[in-house]
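Enquirer: Input file: upload00.cif. Contents: mmCIF, N, CA and C atoms.
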```cif
data_final
loop_
_atom_site.label_atom_id
_atom_site.label_comp_id
_atom_site.auth_asym_id
_atom_site.auth_seq_id
_atom_site.Cartn_x
_atom_site.Cartn_y
_atom_site.Cartn_z
N MET A 54 -4.61 12.58 -32.09
CA MET A 54 -5.71 11.77 -31.61
C MET A 54 -5.24 10.76 -30.56
N LYS A 55 -4.02 10.22 -30.75
CA LYS A 55 -3.48 9.24 -29.81
C LYS A 55 -3.28 9.87 -28.43
N ILE A 56 -2.81 11.11 -28.40
CA ILE A 56 -2.59 11.80 -27.12
C ILE A 56 -3.92 12.02 -26.40
N ILE A 57 -4.94 12.38 -27.12
CA ILE A 57 -6.26 12.60 -26.52
C ILE A 57 -6.78 11.29 -25.94
N THR A 58 -6.60 10.20 -26.67
CA THR A 58 -7.03 8.89 -26.18
C THR A 58 -6.31 8.54 -24.89
N ILE A 59 -5.00 8.74 -24.87
CA ILE A 59 -4.21 8.44 -23.67
C ILE A 59 -4.66 9.31 -22.50
N LEU A 60 -4.86 10.59 -22.74
CA LEU A 60 -5.31 11.49 -21.67
C LEU A 60 -6.68 11.09 -21.12
N LEU A 61 -7.60 10.75 -22.01
CA LEU A 61 -8.92 10.32 -21.56
C LEU A 61 -8.84 9.03 -20.75
N GLN A 62 -7.97 8.12 -21.16
CA GLN A 62 -7.82 6.88 -20.42
C GLN A 62 -7.19 7.12 -19.05
N ILE A 63 -6.26 8.06 -18.96
CA ILE A 63 -5.67 8.41 -17.67
C ILE A 63 -6.73 9.02 -16.76
N VAL A 64 -7.58 9.86 -17.32
CA VAL A 64 -8.68 10.43 -16.54
C VAL A 64 -9.61 9.31 -16.06
N PHE A 65 -9.88 8.35 -16.93
CA PHE A 65 -10.74 7.22 -16.57
C PHE A 65 -10.12 6.42 -15.42
N ILE A 66 -8.80 6.21 -15.47
CA ILE A 66 -8.10 5.51 -14.39
C ILE A 66 -8.21 6.32 -13.10
N HIS A 67 -8.09 7.64 -13.19
CA HIS A 67 -8.19 8.49 -12.01
C HIS A 67 -9.59 8.47 -11.40
N ILE A 68 -10.58 8.19 -12.20
CA ILE A 68 -11.94 8.06 -11.64
C ILE A 68 -11.95 6.95 -10.59
N PHE A 69 -11.20 5.87 -10.86
CA PHE A 69 -11.13 4.79 -9.88
C PHE A 69 -10.36 5.21 -8.64
N LEU A 70 -9.38 6.09 -8.79
CA LEU A 70 -8.70 6.65 -7.63
C LEU A 70 -9.70 7.43 -6.77
N PHE A 71 -10.52 8.25 -7.41
CA PHE A 71 -11.52 9.03 -6.67
C PHE A 71 -12.58 8.12 -6.05
N LEU A 72 -12.95 7.04 -6.74
CA LEU A 72 -13.87 6.06 -6.15
C LEU A 72 -13.23 5.41 -4.92
N GLY A 73 -11.95 5.11 -5.02
CA GLY A 73 -11.23 4.54 -3.88
C GLY A 73 -11.19 5.50 -2.71
N ALA A 74 -10.99 6.79 -2.98
CA ALA A 74 -11.00 7.79 -1.91
C ALA A 74 -12.37 7.89 -1.27
N THR A 75 -13.41 7.79 -2.08
CA THR A 75 -14.78 7.84 -1.55
C THR A 75 -15.06 6.63 -0.66
N VAL A 76 -14.67 5.45 -1.13
CA VAL A 76 -14.87 4.23 -0.33
C VAL A 76 -14.09 4.32 0.98
N GLN A 77 -12.85 4.80 0.91
CA GLN A 77 -12.03 4.93 2.10
C GLN A 77 -12.67 5.89 3.11
N THR A 78 -13.19 7.00 2.62
CA THR A 78 -13.82 7.98 3.50
C THR A 78 -15.12 7.44 4.10
N LEU A 79 -15.94 6.81 3.28
CA LEU A 79 -17.23 6.30 3.76
C LEU A 79 -17.07 5.20 4.81
N PHE A 80 -16.12 4.30 4.60
CA PHE A 80 -15.97 3.14 5.48
C PHE A 80 -14.81 3.27 6.47
N HIS A 81 -14.10 4.41 6.46
CA HIS A 81 -12.99 4.68 7.38
C HIS A 81 -11.97 3.54 7.36
N LEU A 82 -11.57 3.14 6.16
CA LEU A 82 -10.63 2.04 5.99
C LEU A 82 -9.20 2.52 6.18
N PRO A 83 -8.33 1.69 6.79
CA PRO A 83 -6.92 2.08 6.98
C PRO A 83 -6.05 1.76 5.76
N ILE A 84 -6.66 1.60 4.61
CA ILE A 84 -5.96 1.26 3.37
C ILE A 84 -5.90 2.52 2.51
N PRO A 85 -4.77 2.79 1.84
CA PRO A 85 -4.69 3.97 0.98
C PRO A 85 -5.75 3.96 -0.12
N ALA A 86 -6.27 5.13 -0.42
CA ALA A 86 -7.30 5.27 -1.44
C ALA A 86 -6.82 4.76 -2.80
N SER A 87 -5.55 4.94 -3.10
CA SER A 87 -5.03 4.48 -4.38
C SER A 87 -5.09 2.96 -4.49
N MET A 88 -4.84 2.25 -3.39
CA MET A 88 -4.92 0.79 -3.41
C MET A 88 -6.36 0.32 -3.56
N ILE A 89 -7.27 1.00 -2.89
CA ILE A 89 -8.69 0.66 -3.03
C ILE A 89 -9.12 0.89 -4.47
N GLY A 90 -8.69 2.00 -5.05
CA GLY A 90 -9.00 2.30 -6.45
C GLY A 90 -8.46 1.25 -7.40
N LEU A 91 -7.23 0.78 -7.13
CA LEU A 91 -6.66 -0.28 -7.98
C LEU A 91 -7.46 -1.57 -7.87
N VAL A 92 -7.89 -1.90 -6.66
CA VAL A 92 -8.70 -3.11 -6.48
C VAL A 92 -10.03 -2.95 -7.22
N LEU A 93 -10.64 -1.78 -7.12
CA LEU A 93 -11.90 -1.53 -7.83
C LEU A 93 -11.70 -1.64 -9.35
N LEU A 94 -10.60 -1.08 -9.85
CA LEU A 94 -10.30 -1.16 -11.28
C LEU A 94 -10.07 -2.62 -11.68
N PHE A 95 -9.33 -3.36 -10.86
CA PHE A 95 -9.09 -4.77 -11.14
C PHE A 95 -10.40 -5.56 -11.18
N LEU A 96 -11.26 -5.31 -10.21
CA LEU A 96 -12.56 -6.00 -10.18
C LEU A 96 -13.40 -5.64 -11.40
N ALA A 97 -13.40 -4.36 -11.77
CA ALA A 97 -14.17 -3.94 -12.94
C ALA A 97 -13.65 -4.60 -14.21
N LEU A 98 -12.33 -4.74 -14.31
CA LEU A 98 -11.75 -5.41 -15.48
C LEU A 98 -12.04 -6.92 -15.44
N SER A 99 -11.91 -7.51 -14.27
CA SER A 99 -12.13 -8.95 -14.14
C SER A 99 -13.57 -9.34 -14.40
N LEU A 100 -14.49 -8.50 -13.97
CA LEU A 100 -15.91 -8.79 -14.16
C LEU A 100 -16.44 -8.28 -15.50
N HIS A 101 -15.54 -7.78 -16.33
CA HIS A 101 -15.87 -7.26 -17.67
C HIS A 101 -16.88 -6.11 -17.61
N ILE A 102 -16.83 -5.35 -16.53
CA ILE A 102 -17.66 -4.15 -16.43
C ILE A 102 -17.08 -3.07 -17.34
N ILE A 103 -15.75 -3.02 -17.36
CA ILE A 103 -15.07 -2.14 -18.32
C ILE A 103 -14.16 -3.01 -19.17
N LYS A 104 -13.85 -2.54 -20.35
CA LYS A 104 -12.99 -3.28 -21.27
C LYS A 104 -11.55 -2.82 -21.09
N LEU A 105 -10.61 -3.72 -21.29
CA LEU A 105 -9.20 -3.41 -21.18
C LEU A 105 -8.81 -2.29 -22.14
N GLU A 106 -9.41 -2.27 -23.31
CA GLU A 106 -9.08 -1.24 -24.31
C GLU A 106 -9.38 0.17 -23.80
N TRP A 107 -10.26 0.29 -22.82
CA TRP A 107 -10.64 1.60 -22.30
C TRP A 107 -9.53 2.21 -21.43
N VAL A 108 -8.60 1.38 -20.93
CA VAL A 108 -7.56 1.89 -20.05
C VAL A 108 -6.15 1.45 -20.45
N GLU A 109 -6.03 0.63 -21.47
CA GLU A 109 -4.74 0.02 -21.79
C GLU A 109 -3.67 1.03 -22.21
N LYS A 110 -3.97 1.90 -23.14
CA LYS A 110 -2.96 2.86 -23.61
C LYS A 110 -2.56 3.84 -22.52
N GLY A 111 -3.54 4.32 -21.77
CA GLY A 111 -3.23 5.23 -20.66
C GLY A 111 -2.41 4.55 -19.59
N GLY A 112 -2.75 3.31 -19.26
CA GLY A 112 -1.99 2.55 -18.27
C GLY A 112 -0.58 2.27 -18.73
N ASN A 113 -0.43 1.93 -20.00
CA ASN A 113 0.92 1.69 -20.55
C ASN A 113 1.76 2.95 -20.50
N TRP A 114 1.16 4.11 -20.80
CA TRP A 114 1.91 5.36 -20.74
C TRP A 114 2.34 5.66 -19.31
N LEU A 115 1.42 5.47 -18.35
CA LEU A 115 1.76 5.71 -16.95
C LEU A 115 2.89 4.80 -16.49
N LEU A 116 2.86 3.55 -16.90
CA LEU A 116 3.93 2.62 -16.54
C LEU A 116 5.25 3.01 -17.19
N ALA A 117 5.19 3.46 -18.43
CA ALA A 117 6.41 3.86 -19.13
C ALA A 117 7.06 5.07 -18.47
N GLU A 118 6.26 5.96 -17.91
CA GLU A 118 6.78 7.18 -17.29
C GLU A 118 6.87 7.07 -15.77
N LEU A 119 6.74 5.89 -15.23
CA LEU A 119 6.70 5.68 -13.79
C LEU A 119 7.94 6.22 -13.08
N LEU A 120 9.09 6.06 -13.68
CA LEU A 120 10.33 6.51 -13.06
C LEU A 120 10.30 8.01 -12.77
N LEU A 121 9.69 8.78 -13.64
CA LEU A 121 9.63 10.23 -13.43
C LEU A 121 8.87 10.60 -12.16
N PHE A 122 7.92 9.75 -11.76
CA PHE A 122 7.15 10.05 -10.56
C PHE A 122 7.97 9.85 -9.29
N PHE A 123 9.07 9.10 -9.37
CA PHE A 123 9.88 8.83 -8.19
C PHE A 123 11.11 9.73 -8.08
N VAL A 124 11.45 10.47 -9.11
CA VAL A 124 12.63 11.32 -9.07
C VAL A 124 12.56 12.37 -7.95
N PRO A 125 11.46 13.09 -7.76
CA PRO A 125 11.43 14.08 -6.67
C PRO A 125 11.65 13.47 -5.29
N SER A 126 11.07 12.32 -5.03
CA SER A 126 11.27 11.69 -3.71
C SER A 126 12.70 11.19 -3.55
N ALA A 127 13.29 10.69 -4.63
CA ALA A 127 14.68 10.21 -4.56
C ALA A 127 15.64 11.37 -4.31
N VAL A 128 15.39 12.50 -4.92
CA VAL A 128 16.23 13.68 -4.70
C VAL A 128 16.04 14.19 -3.28
N GLY A 129 14.82 14.11 -2.76
CA GLY A 129 14.53 14.58 -1.41
C GLY A 129 15.25 13.78 -0.34
N VAL A 130 15.60 12.52 -0.61
CA VAL A 130 16.29 11.68 0.36
C VAL A 130 17.66 12.27 0.71
N VAL A 131 18.28 12.97 -0.21
CA VAL A 131 19.61 13.54 0.01
C VAL A 131 19.59 14.53 1.18
N ASN A 132 18.45 15.12 1.48
CA ASN A 132 18.35 16.09 2.57
C ASN A 132 18.42 15.46 3.96
N TYR A 133 18.36 14.14 4.05
CA TYR A 133 18.34 13.47 5.35
C TYR A 133 19.65 12.71 5.56
N ASN A 134 20.50 13.25 6.45
CA ASN A 134 21.81 12.64 6.71
C ASN A 134 21.69 11.27 7.34
N GLU A 135 20.63 11.04 8.14
CA GLU A 135 20.50 9.74 8.80
C GLU A 135 20.29 8.60 7.81
N MET A 136 19.93 8.93 6.57
CA MET A 136 19.78 7.89 5.55
C MET A 136 21.12 7.24 5.22
N PHE A 137 22.22 7.91 5.59
CA PHE A 137 23.54 7.38 5.28
C PHE A 137 24.18 6.72 6.50
N SER A 138 23.44 6.59 7.60
CA SER A 138 23.93 5.91 8.79
C SER A 138 23.56 4.44 8.72
N LEU A 139 23.76 3.73 9.84
CA LEU A 139 23.42 2.31 9.91
C LEU A 139 21.92 2.11 9.69
N GLN A 140 21.13 3.01 10.27
CA GLN A 140 19.68 2.94 10.07
C GLN A 140 19.35 3.11 8.59
N GLY A 141 20.07 4.01 7.93
CA GLY A 141 19.87 4.22 6.50
C GLY A 141 20.24 3.00 5.69
N LEU A 142 21.31 2.31 6.10
CA LEU A 142 21.72 1.09 5.39
C LEU A 142 20.63 0.02 5.50
N THR A 143 20.08 -0.11 6.70
CA THR A 143 18.98 -1.07 6.89
C THR A 143 17.80 -0.70 6.01
N THR A 144 17.48 0.58 5.95
CA THR A 144 16.37 1.04 5.13
C THR A 144 16.63 0.75 3.65
N VAL A 145 17.85 1.00 3.20
CA VAL A 145 18.20 0.75 1.80
C VAL A 145 18.11 -0.74 1.47
N ILE A 146 18.54 -1.59 2.39
CA ILE A 146 18.45 -3.04 2.16
C ILE A 146 16.99 -3.47 2.08
N ILE A 147 16.16 -2.96 2.98
CA ILE A 147 14.73 -3.30 2.96
C ILE A 147 14.10 -2.83 1.65
N ILE A 148 14.45 -1.63 1.22
CA ILE A 148 13.91 -1.11 -0.04
C ILE A 148 14.38 -1.98 -1.20
N GLY A 149 15.64 -2.37 -1.20
CA GLY A 149 16.17 -3.21 -2.27
C GLY A 149 15.49 -4.56 -2.33
N VAL A 150 15.31 -5.21 -1.18
CA VAL A 150 14.66 -6.52 -1.14
C VAL A 150 13.20 -6.40 -1.57
N SER A 151 12.51 -5.39 -1.06
CA SER A 151 11.09 -5.24 -1.42
C SER A 151 10.94 -4.89 -2.90
N THR A 152 11.87 -4.09 -3.44
CA THR A 152 11.83 -3.78 -4.87
C THR A 152 12.03 -5.05 -5.69
N PHE A 153 12.96 -5.90 -5.27
CA PHE A 153 13.17 -7.16 -5.98
C PHE A 153 11.92 -8.03 -5.93
N ILE A 154 11.27 -8.09 -4.78
CA ILE A 154 10.05 -8.89 -4.65
C ILE A 154 8.96 -8.36 -5.58
N VAL A 155 8.80 -7.04 -5.61
CA VAL A 155 7.79 -6.43 -6.48
C VAL A 155 8.12 -6.72 -7.94
N MET A 156 9.39 -6.56 -8.32
CA MET A 156 9.78 -6.81 -9.71
C MET A 156 9.57 -8.27 -10.10
N ALA A 157 9.92 -9.19 -9.20
CA ALA A 157 9.75 -10.61 -9.49
C ALA A 157 8.27 -10.97 -9.61
N THR A 158 7.46 -10.42 -8.71
CA THR A 158 6.03 -10.69 -8.77
C THR A 158 5.42 -10.13 -10.05
N THR A 159 5.83 -8.91 -10.40
CA THR A 159 5.33 -8.29 -11.62
C THR A 159 5.74 -9.10 -12.85
N ALA A 160 6.98 -9.55 -12.87
CA ALA A 160 7.45 -10.36 -14.00
C ALA A 160 6.68 -11.67 -14.10
N PHE A 161 6.42 -12.30 -12.96
CA PHE A 161 5.66 -13.54 -12.95
C PHE A 161 4.24 -13.32 -13.48
N ILE A 162 3.59 -12.27 -13.00
CA ILE A 162 2.22 -11.98 -13.44
C ILE A 162 2.20 -11.62 -14.93
N ALA A 163 3.16 -10.82 -15.37
CA ALA A 163 3.23 -10.46 -16.79
C ALA A 163 3.45 -11.69 -17.65
N ASP A 164 4.29 -12.61 -17.17
CA ASP A 164 4.53 -13.85 -17.90
C ASP A 164 3.25 -14.68 -17.99
N ARG A 165 2.50 -14.77 -16.91
CA ARG A 165 1.24 -15.51 -16.91
C ARG A 165 0.23 -14.87 -17.87
N ILE A 166 0.14 -13.55 -17.84
CA ILE A 166 -0.79 -12.85 -18.74
C ILE A 166 -0.40 -13.10 -20.19
N TYR A 167 0.89 -13.00 -20.49
CA TYR A 167 1.38 -13.25 -21.84
C TYR A 167 1.07 -14.68 -22.26
N PHE A 168 1.27 -15.63 -21.35
CA PHE A 168 1.00 -17.03 -21.64
C PHE A 168 -0.49 -17.23 -21.97
N TYR A 169 -1.38 -16.63 -21.17
CA TYR A 169 -2.81 -16.79 -21.43
C TYR A 169 -3.26 -16.09 -22.70
N LYS A 170 -2.66 -14.94 -23.00
CA LYS A 170 -3.00 -14.25 -24.24
C LYS A 170 -2.55 -15.06 -25.45
N GLU A 171 -1.35 -15.62 -25.38
CA GLU A 171 -0.84 -16.44 -26.48
C GLU A 171 -1.67 -17.70 -26.64
N ARG A 172 -2.12 -18.28 -25.54
CA ARG A 172 -2.93 -19.48 -25.59
C ARG A 172 -4.29 -19.18 -26.24
N ASP A 173 -4.85 -18.02 -25.93
CA ASP A 173 -6.15 -17.63 -26.50
C ASP A 173 -6.04 -17.34 -28.00
N VAL A 174 -4.89 -16.85 -28.46
CA VAL A 174 -4.69 -16.53 -29.87
C VAL A 174 -4.64 -17.79 -30.70
N GLN A 175 -4.02 -18.82 -30.16
CA GLN A 175 -3.83 -20.06 -30.92
C GLN A 175 -5.02 -20.91 -30.85
#
```
Let me see the structure of the file written as structure tokens.
Expert:
Amino acid sequence: MKIITILLQIVFIHIFLFLGATVQTLFHLPIPASMIGLVLLFLALSLHIIKLEWVEKGGNWLLAELLLFFVPSAVGVVNYNEMFSLQGLTTVIIIGVSTFIVMATTAFIADRIYFYKERDVQ
């Protein structure tokens, strides 16, 4: 039953991806459909149009398995020799710095969410 719940929640999350693709197509926006879908999902959660419980388990599973989604692209980098030149070093540094920024921002937001949840419990 837990697997079915997770799968249904992942499908529900993908509905927002498809909504984002529709919005992108209709308005010819230069923003990726996945980002538009995330903003739509965030707005729906913030405005209590949908409940967190409807997507929480599926979202947690996707986050837990996130590394698997990057393995094919990481392996594909080996095919490009220029990635190991000076240009490649610059690219690797940019990726490292941006990864650190994303991780720090995510940690900060997670800490704030945890703080607000703990405050609401007490």
Enquirer: Go through the shown structure with the PyMOL selection byres (((chain A and resi 91-104 and name CA) around 9) and name CA) and write out the matching residues as a ChimeraX atom specification.
Expert: /A:66,69-70,72-73,86-90,105-109
Enquirer: Give me, as number ranges by chain, the residues of chain A that a backbone DSSP run labels alpha helix (DSSP H).
Expert: A: 55-80, 86-99, 109-117, 119-129, 139-174
Enquirer: Any chance you could work out the axis-aligned box around range 112-117 of chain A, listed atoms only, 6 Å on each side, giving centre and edge lengths in Å to one decimal, as JSON?
Expert:
```
{"center_x": 2.2, "center_y": 3.7, "center_z": -18.6, "size_x": 21.8, "size_y": 16.0, "size_z": 16.3}
```
Enquirer: So the first atom is CA of Leu120 in chain A and the second is CA of Ala74 in chain A; what is the distance between them in Å, to one decimal place?
Expert: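 Between these atoms lies a distance of 24.1 Å.
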Enquirer: Calculate how many Å separate CA of Ile148 in chain A from atom N of Val124 in chain A, rounding to one decimal.
Expert: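 Separation between CA of Ile148 in chain A and atom N of Val124 in chain A: 14.9 Å.
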Enquirer: Kindly give the distance, in Å, that separates atom N of Tyr167 in chain A and atom C of Asn113 in chain A, rounded to a single decimal.
Expert: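 We find that atom N of Tyr167 in chain A and atom C of Asn113 in chain A lie 16.0 Å from each other.
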